[in-house]
file entry.pdb (PDB, C-alpha atoms)
ATOM      1  CA  ALA A   1     117.048  90.539 118.599  1.00  0.00           C
ATOM      2  CA  ALA A   2     115.564  93.887 119.584  1.00  0.00           C
ATOM      3  CA  ALA A   3     116.534  93.593 123.226  1.00  0.00           C
ATOM      4  CA  SER A   4     119.943  92.203 122.365  1.00  0.00           C
ATOM      5  CA  GLY A   5     121.331  95.070 120.338  1.00  0.00           C
ATOM      6  CA  GLY A   6     121.209  92.827 117.283  1.00  0.00           C
ATOM      7  CA  SER A   7     123.620  90.002 118.144  1.00  0.00           C
ATOM      8  CA  ALA A   8     122.732  86.401 117.286  1.00  0.00           C
ATOM      9  CA  ALA A   9     123.449  85.208 120.836  1.00  0.00           C
ATOM     10  CA  GLY A  10     121.323  88.017 122.211  1.00  0.00           C
ATOM     11  CA  ALA A  11     118.515  87.173 119.800  1.00  0.00           C
ATOM     12  CA  ALA A  12     118.552  83.568 121.024  1.00  0.00           C
ATOM     13  CA  THR A  13     118.437  84.773 124.628  1.00  0.00           C
ATOM     14  CA  ALA A  14     115.519  87.120 123.892  1.00  0.00           C
ATOM     15  CA  PHE A  15     113.673  84.356 122.003  1.00  0.00           C
ATOM     16  CA  ASN A  16     114.269  81.889 124.850  1.00  0.00           C
ATOM     17  CA  ALA A  17     113.050  84.417 127.439  1.00  0.00           C
ATOM     18  CA  ASP A  18     109.938  85.178 125.371  1.00  0.00           C
ATOM     19  CA  MET A  19     109.125  81.489 124.958  1.00  0.00           C
ATOM     20  CA  ASN A  20     109.500  80.697 128.679  1.00  0.00           C
ATOM     21  CA  ASN A  21     107.774  83.669 130.284  1.00  0.00           C
ATOM     22  CA  ARG A  22     104.202  84.877 130.381  1.00  0.00           C
ATOM     23  CA  GLN A  23     103.571  87.460 127.668  1.00  0.00           C
ATOM     24  CA  LEU A  24     101.674  90.718 127.842  1.00  0.00           C
ATOM     25  CA  HIS A  25      98.136  90.445 126.474  1.00  0.00           C
ATOM     26  CA  PRO A  26      97.783  92.269 123.106  1.00  0.00           C
ATOM     27  CA  THR A  27      95.473  94.836 124.744  1.00  0.00           C
ATOM     28  CA  GLU A  28      98.171  95.638 127.324  1.00  0.00           C
ATOM     29  CA  ALA A  29     100.826  95.965 124.616  1.00  0.00           C
ATOM     30  CA  THR A  30      98.598  98.278 122.581  1.00  0.00           C
ATOM     31  CA  LEU A  31      97.842 100.477 125.588  1.00  0.00           C
ATOM     32  CA  ILE A  32     101.559 100.797 126.340  1.00  0.00           C
ATOM     33  CA  LYS A  33     102.408 101.692 122.725  1.00  0.00           C
ATOM     34  CA  ASP A  34      99.510 104.129 122.411  1.00  0.00           C
ATOM     35  CA  ASN A  35     100.376 105.919 125.668  1.00  0.00           C
ATOM     36  CA  ALA A  36     104.197 105.899 125.604  1.00  0.00           C
ATOM     37  CA  ARG A  37     104.346 109.469 124.271  1.00  0.00           C
ATOM     38  CA  ARG A  38     101.999 110.674 127.006  1.00  0.00           C
ATOM     39  CA  PHE A  39     104.167 108.988 129.667  1.00  0.00           C
ATOM     40  CA  ALA A  40     107.328 110.462 128.085  1.00  0.00           C
ATOM     41  CA  GLN A  41     105.749 113.935 128.305  1.00  0.00           C
ATOM     42  CA  GLN A  42     105.086 113.364 132.003  1.00  0.00           C
ATOM     43  CA  LEU A  43     108.445 111.706 132.668  1.00  0.00           C
ATOM     44  CA  TYR A  44     110.612 114.290 130.914  1.00  0.00           C
ATOM     45  CA  GLY A  45     108.381 117.364 131.301  1.00  0.00           C
ATOM     46  CA  ALA A  46     108.456 117.891 127.534  1.00  0.00           C
ATOM     47  CA  ASP A  47     105.536 118.740 125.268  1.00  0.00           C
ATOM     48  CA  GLN A  48     107.392 117.154 122.336  1.00  0.00           C
ATOM     49  CA  PRO A  49     109.558 114.316 123.720  1.00  0.00           C
ATOM     50  CA  SER A  50     112.288 112.990 121.444  1.00  0.00           C
ATOM     51  CA  ALA A  51     112.039 109.530 119.876  1.00  0.00           C
ATOM     52  CA  GLU A  52     114.690 108.318 122.336  1.00  0.00           C
ATOM     53  CA  GLN A  53     112.714 109.711 125.307  1.00  0.00           C
ATOM     54  CA  GLU A  54     109.541 108.073 124.012  1.00  0.00           C
ATOM     55  CA  LEU A  55     111.336 104.733 123.607  1.00  0.00           C
ATOM     56  CA  ALA A  56     112.827 105.001 127.105  1.00  0.00           C
ATOM     57  CA  ALA A  57     109.349 105.732 128.511  1.00  0.00           C
ATOM     58  CA  GLN A  58     107.878 102.780 126.608  1.00  0.00           C
ATOM     59  CA  THR A  59     110.703 100.549 127.897  1.00  0.00           C
ATOM     60  CA  LEU A  60     109.980 101.578 131.499  1.00  0.00           C
ATOM     61  CA  LEU A  61     106.270 100.845 131.045  1.00  0.00           C
ATOM     62  CA  VAL A  62     106.875  97.441 129.436  1.00  0.00           C
ATOM     63  CA  ASN A  63     109.362  96.306 132.064  1.00  0.00           C
ATOM     64  CA  THR A  64     107.263  97.528 134.978  1.00  0.00           C
ATOM     65  CA  ALA A  65     104.202  95.760 133.524  1.00  0.00           C
ATOM     66  CA  GLN A  66     106.274  92.586 133.093  1.00  0.00           C
ATOM     67  CA  ASN A  67     107.110  92.731 136.810  1.00  0.00           C
ATOM     68  CA  ALA A  68     103.400  92.721 137.643  1.00  0.00           C
ATOM     69  CA  LEU A  69     102.573  89.824 135.307  1.00  0.00           C
ATOM     70  CA  ASP A  70     105.378  87.308 135.663  1.00  0.00           C
ATOM     71  CA  ASN A  71     107.579  85.912 138.431  1.00  0.00           C
ATOM     72  CA  ASN A  72     110.672  86.558 136.258  1.00  0.00           C
ATOM     73  CA  LEU A  73     112.466  83.616 137.835  1.00  0.00           C
ATOM     74  CA  ASP A  74     116.253  83.833 137.857  1.00  0.00           C
ATOM     75  CA  ALA A  75     116.186  87.313 136.317  1.00  0.00           C
ATOM     76  CA  VAL A  76     115.943  90.941 137.304  1.00  0.00           C
ATOM     77  CA  VAL A  77     113.506  93.018 135.257  1.00  0.00           C
ATOM     78  CA  PRO A  78     113.632  96.809 135.753  1.00  0.00           C
ATOM     79  CA  TYR A  79     110.829  98.399 137.769  1.00  0.00           C
ATOM     80  CA  SER A  80     109.879 102.081 137.933  1.00  0.00           C
ATOM     81  CA  PRO A  81     107.491 103.517 140.548  1.00  0.00           C
ATOM     82  CA  LEU A  82     106.626 106.323 138.093  1.00  0.00           C
ATOM     83  CA  ALA A  83     105.780 103.805 135.369  1.00  0.00           C
ATOM     84  CA  ASP A  84     103.749 101.763 137.867  1.00  0.00           C
ATOM     85  CA  ALA A  85     101.720 104.850 138.811  1.00  0.00           C
ATOM     86  CA  PHE A  86     101.118 105.568 135.113  1.00  0.00           C
ATOM     87  CA  LEU A  87     100.004 101.960 134.521  1.00  0.00           C
ATOM     88  CA  GLN A  88      97.542 102.365 137.401  1.00  0.00           C
ATOM     89  CA  THR A  89      96.168 105.471 135.650  1.00  0.00           C
ATOM     90  CA  LEU A  90      95.764 103.428 132.452  1.00  0.00           C
ATOM     91  CA  LYS A  91      93.844 100.802 134.440  1.00  0.00           C
ATOM     92  CA  ILE A  92      91.439 103.440 135.758  1.00  0.00           C
ATOM     93  CA  GLU A  93      90.916 104.890 132.272  1.00  0.00           C
ATOM     94  CA  TYR A  94      90.416 101.404 130.788  1.00  0.00           C
ATOM     95  CA  GLN A  95      87.824 100.485 133.416  1.00  0.00           C
ATOM     96  CA  GLN A  96      85.970 103.762 132.907  1.00  0.00           C
ATOM     97  CA  ALA A  97      85.884 103.185 129.136  1.00  0.00           C
ATOM     98  CA  ASN A  98      85.061  99.446 129.226  1.00  0.00           C
ATOM     99  CA  GLY A  99      83.261  98.924 132.533  1.00  0.00           C
ATOM    100  CA  THR A 100      85.705  96.138 133.481  1.00  0.00           C
ATOM    101  CA  LEU A 101      89.403  95.309 133.850  1.00  0.00           C
ATOM    102  CA  VAL A 102      88.927  91.846 132.311  1.00  0.00           C
ATOM    103  CA  LEU A 103      90.880  91.551 129.068  1.00  0.00           C
ATOM    104  CA  PRO A 104      89.064  90.489 125.865  1.00  0.00           C
ATOM    105  CA  GLY A 105      89.047  86.788 125.103  1.00  0.00           C
ATOM    106  CA  THR A 106      90.243  85.675 128.547  1.00  0.00           C
ATOM    107  CA  SER A 107      86.999  84.629 130.225  1.00  0.00           C
ATOM    108  CA  GLY A 108      86.732  80.926 130.969  1.00  0.00           C
ATOM    109  CA  GLN A 109      90.483  80.363 131.275  1.00  0.00           C
ATOM    110  CA  LEU A 110      91.692  77.707 133.709  1.00  0.00           C
ATOM    111  CA  ALA A 111      93.422  80.254 135.974  1.00  0.00           C
ATOM    112  CA  GLY A 112      90.537  82.713 135.689  1.00  0.00           C
ATOM    113  CA  PRO A 113      90.080  85.717 133.414  1.00  0.00           C
ATOM    114  CA  GLN A 114      93.068  88.003 132.939  1.00  0.00           C
ATOM    115  CA  GLN A 115      92.853  91.549 134.199  1.00  0.00           C
ATOM    116  CA  LEU A 116      94.671  94.573 132.827  1.00  0.00           C
ATOM    117  CA  PHE A 117      98.261  94.786 134.185  1.00  0.00           C
ATOM    118  CA  TYR A 118      97.503  92.201 136.882  1.00  0.00           C
ATOM    119  CA  ALA A 119      98.131  88.478 137.258  1.00  0.00           C
ATOM    120  CA  ASN A 120      97.198  86.183 140.117  1.00  0.00           C
ATOM    121  CA  ALA A 121      99.806  83.731 141.441  1.00  0.00           C
ATOM    122  CA  GLU A 122      98.626  80.925 139.162  1.00  0.00           C
ATOM    123  CA  GLN A 123      98.696  83.145 136.051  1.00  0.00           C
ATOM    124  CA  LYS A 124     102.231  84.324 136.870  1.00  0.00           C
ATOM    125  CA  ASN A 125     103.340  80.699 136.700  1.00  0.00           C
ATOM    126  CA  MET A 126     101.678  79.943 133.342  1.00  0.00           C
ATOM    127  CA  PRO A 127     104.240  80.472 130.561  1.00  0.00           C
ATOM    128  CA  SER A 128     101.648  79.515 127.933  1.00  0.00           C
ATOM    129  CA  LEU A 129      99.356  82.423 128.815  1.00  0.00           C
ATOM    130  CA  ASN A 130      99.091  84.686 125.735  1.00  0.00           C
ATOM    131  CA  GLN A 131     101.633  82.517 123.909  1.00  0.00           C
ATOM    132  CA  GLY A 132     101.762  83.367 120.227  1.00  0.00           C
ATOM    133  CA  LEU A 133      99.980  86.687 120.771  1.00  0.00           C
ATOM    134  CA  ALA A 134     103.053  88.665 121.820  1.00  0.00           C
ATOM    135  CA  ASP A 135     103.896  91.921 120.085  1.00  0.00           C
ATOM    136  CA  VAL A 136     107.628  91.525 119.420  1.00  0.00           C
ATOM    137  CA  ALA A 137     108.072  95.296 119.237  1.00  0.00           C
ATOM    138  CA  ILE A 138     106.994  95.329 122.884  1.00  0.00           C
ATOM    139  CA  THR A 139     108.443  92.076 124.243  1.00  0.00           C
ATOM    140  CA  GLY A 140     111.760  92.974 122.614  1.00  0.00           C
ATOM    141  CA  LEU A 141     112.013  95.864 125.082  1.00  0.00           C
ATOM    142  CA  ILE A 142     111.866  93.608 128.140  1.00  0.00           C
ATOM    143  CA  VAL A 143     115.246  93.542 129.838  1.00  0.00           C
ATOM    144  CA  ARG A 144     115.903  90.299 131.701  1.00  0.00           C
ATOM    145  CA  THR A 145     119.250  90.301 133.428  1.00  0.00           C
ATOM    146  CA  PRO A 146     120.172  86.873 134.822  1.00  0.00           C
ATOM    147  CA  ILE A 147     120.748  86.815 138.544  1.00  0.00           C
ATOM    148  CA  ASN A 148     124.321  85.794 139.138  1.00  0.00           C
ATOM    149  CA  PRO A 149     124.830  85.466 142.867  1.00  0.00           C
ATOM    150  CA  PRO A 150     128.167  86.923 143.982  1.00  0.00           C
ATOM    151  CA  LYS A 151     130.901  84.434 144.641  1.00  0.00           C
ATOM    152  CA  VAL A 152     132.064  84.096 148.236  1.00  0.00           C
ATOM    153  CA  GLY A 153     134.272  87.024 149.132  1.00  0.00           C
ATOM    154  CA  GLU A 154     133.410  88.912 145.921  1.00  0.00           C
ATOM    155  CA  THR A 155     132.114  92.457 146.214  1.00  0.00           C
ATOM    156  CA  VAL A 156     130.451  94.686 143.634  1.00  0.00           C
ATOM    157  CA  ALA A 157     131.947  98.124 143.060  1.00  0.00           C
ATOM    158  CA  SER A 158     129.767 101.000 144.284  1.00  0.00           C
ATOM    159  CA  ASN A 159     129.486 102.344 140.723  1.00  0.00           C
ATOM    160  CA  ARG A 160     127.760  99.138 139.536  1.00  0.00           C
ATOM    161  CA  ASP A 161     124.226  97.835 139.984  1.00  0.00           C
ATOM    162  CA  ARG A 162     124.294  95.227 142.764  1.00  0.00           C
ATOM    163  CA  LEU A 163     122.047  92.723 140.972  1.00  0.00           C
ATOM    164  CA  THR A 164     123.151  93.063 137.358  1.00  0.00           C
ATOM    165  CA  GLY A 165     126.753  94.241 137.745  1.00  0.00           C
ATOM    166  CA  LEU A 166     126.134  96.851 135.016  1.00  0.00           C
ATOM    167  CA  ALA A 167     127.923 100.211 135.292  1.00  0.00           C
ATOM    168  CA  LEU A 168     125.823 103.045 136.766  1.00  0.00           C
ATOM    169  CA  ASP A 169     125.944 106.706 135.751  1.00  0.00           C
ATOM    170  CA  ALA A 170     125.929 109.632 138.227  1.00  0.00           C
ATOM    171  CA  GLN A 171     122.113 109.351 138.636  1.00  0.00           C
ATOM    172  CA  GLY A 172     122.243 105.614 139.440  1.00  0.00           C
ATOM    173  CA  ARG A 173     120.971 104.498 136.005  1.00  0.00           C
ATOM    174  CA  TYR A 174     122.368 101.916 133.640  1.00  0.00           C
ATOM    175  CA  GLU A 175     122.204 101.886 129.875  1.00  0.00           C
ATOM    176  CA  VAL A 176     120.795  99.094 127.731  1.00  0.00           C
ATOM    177  CA  GLN A 177     121.247  98.891 123.955  1.00  0.00           C
ATOM    178  CA  VAL A 178     117.937  98.470 122.102  1.00  0.00           C
ATOM    179  CA  SER A 179     117.423  98.175 118.355  1.00  0.00           C
ATOM    180  CA  LEU A 180     114.000  99.187 117.051  1.00  0.00           C
ATOM    181  CA  ASP A 181     113.063  99.411 113.382  1.00  0.00           C
ATOM    182  CA  GLY A 182     116.741  99.296 112.429  1.00  0.00           C
ATOM    183  CA  ARG A 183     117.687 102.209 114.712  1.00  0.00           C
ATOM    184  CA  ASN A 184     119.791 101.783 117.839  1.00  0.00           C
ATOM    185  CA  TYR A 185     118.823 103.452 121.082  1.00  0.00           C
ATOM    186  CA  SER A 186     120.408 103.481 124.513  1.00  0.00           C
ATOM    187  CA  PRO A 187     117.695 104.254 127.082  1.00  0.00           C
ATOM    188  CA  LYS A 188     118.933 104.684 130.614  1.00  0.00           C
ATOM    189  CA  LEU A 189     117.024 102.670 133.191  1.00  0.00           C
ATOM    190  CA  LEU A 190     116.727 103.520 136.855  1.00  0.00           C
ATOM    191  CA  ILE A 191     116.145 100.500 139.027  1.00  0.00           C
ATOM    192  CA  SER A 192     114.119 100.976 142.173  1.00  0.00           C
ATOM    193  CA  THR A 193     114.843  98.932 145.260  1.00  0.00           C
ATOM    194  CA  GLU A 194     111.256  99.466 146.412  1.00  0.00           C
ATOM    195  CA  SER A 195     108.541  96.881 145.828  1.00  0.00           C
TER     196      SER A 195
END

call {"tool": "encode", "arguments": {"input": "entry.pdb", "output": "C-alpha cells"}}
result
Amino acid sequence: AAASGGSAAGAATAFNADMNNRQLHPTEATLIKDNARRFAQQLYGADQPSAEQELAAQTLLVNTAQNALDNNLDAVVPYSPLADAFLQTLKIEYQQANGTLVLPGTSGQLAGPQQLFYANAEQKNMPSLNQGLADVAITGLIVRTPINPPKVGETVASNRDRLTGLALDAQGRYEVQVSLDGRNYSPKLLISTES
C-alpha cells in the first residue's frame, strides 16, 4: 500500500508487482536506507535535508536500482543518472570494505552469485530471486507505471510524460503519492530518457 497512496486497489497492484518481479537483496535495501540521507545531501546541496528530500532521494535510489536488477516488463520504472552514479559509488565502497561485490548467501545459486546492484540476464528473469526477503519499506517505493501504448491517432500533450501520461511540472518532473509510516509524501521524480 505504500506505493499506492493507501488505496486498496493500489495495495493489490503493489503486492502483485512485488510478487512477480525480482526483489532487491536485503543488503542492497539496507545500503539504500543507510545512505539515503547522504544522497539527499548531495542531490539537494543541503547539510540537513528535510524528511521529504530524504524520502525523494531514497525513492530515486530504489527505482534506479530496480532498473538495474529487473527487466520491469510492461512497466516503466523511474531512472536517475545521479542516483545511478551514487549507486556506483556505493558499489566501490562495498567492495573496498568487503573485498567482493558478491552478496551474502548467494553463492551456489543456479543463475550464479548475485552482485551488488547488478543482475545478469538470467537473474533479471528470475522472479523468485530474493523472494520473501524483500524490505517492504523499500519495495513500497518502487514506482511501476504500466506501459499503455498510445491508440492510433492519439497524441500525448507536451505537458505530460510520454510513457506514463502523468502531468509534468515546469522542470519536467512528475509527482507520485507515497505513504510511509502513516505519513504521506509527494516526491517529484525526473525521468531520464538516457540509458

call {"tool": "closest_residue", "arguments": {"input": "entry.pdb", "among": "A:Ser50, A:Gln88, A:Gln23, A:Asn130", "to": "Asn72 of chain A", "atoms": "only C-alpha atoms"}}
result
A:Gln23

call {"tool": "residues_around", "arguments": {"input": "entry.pdb", "residues": "Val143 of chain A", "least_positions_apart": "5", "cutoff": "8 Å", "atoms": "all atoms listed in the file", "output": "list in words"}}
result
Ala3, Asn63, Val76, Val77 and Pro78 of chain A

call {"tool": "resolve_selection", "arguments": {"input": "entry.pdb", "expression": "the PyMOL selection byres ((chain A and resi 146) around 6)", "output": "PyMOL selection string"}}
result
chain A and resi 74-75+145+147

call {"tool": "closest_residue", "arguments": {"input": "entry.pdb", "among": "A:Thr100, A:Gln171, A:Asn125, A:Asn120", "to": "Lys188 of chain A", "atoms": "all atoms listed in the file"}}
result
A:Gln171

call {"tool": "atom_distance", "arguments": {"input": "entry.pdb", "atom1": "atom CA of Ala111 of chain A", "atom2": "atom CA of Thr89 of chain A"}}
result
25.4 Å

call {"tool": "resolve_selection", "arguments": {"input": "entry.pdb", "expression": "the PyMOL selection byres ((chain A and resi 61) around 8)", "output": "ChimeraX atom specification"}}
result
/A:32,36,57-60,62-65,80,83-84,87

call {"tool": "residues_around", "arguments": {"input": "entry.pdb", "residues": "Arg37 of chain A", "least_positions_apart": "4", "cutoff": "12 Å", "atoms": "all atoms listed in the file", "output": "list in words"}}
result
Leu31, Ile32, Lys33, Gln41, Gln42, Leu43, Tyr44, Gly45, Ala46, Asp47, Gln48, Pro49, Ser50, Ala51, Glu52, Gln53, Glu54, Leu55, Ala56, Ala57, Gln58, Thr59, Leu61 and Phe86 of chain A

call {"tool": "atom_distance", "arguments": {"input": "entry.pdb", "atom1": "atom CA of Asn71 of chain A", "atom2": "atom CA of Leu110 of chain A"}}
result
18.5 Å

call {"tool": "resolve_selection", "arguments": {"input": "entry.pdb", "expression": "the PyMOL selection byres ((chain A and resi 113) around 12)", "output": "ChimeraX atom specification"}}
result
/A:25,100-112,114-116,118-120,122-123,129-130

call {"tool": "atom_distance", "arguments": {"input": "entry.pdb", "atom1": "atom CA of Gln95 of chain A", "atom2": "atom CA of Leu24 of chain A"}}
result
17.8 Å
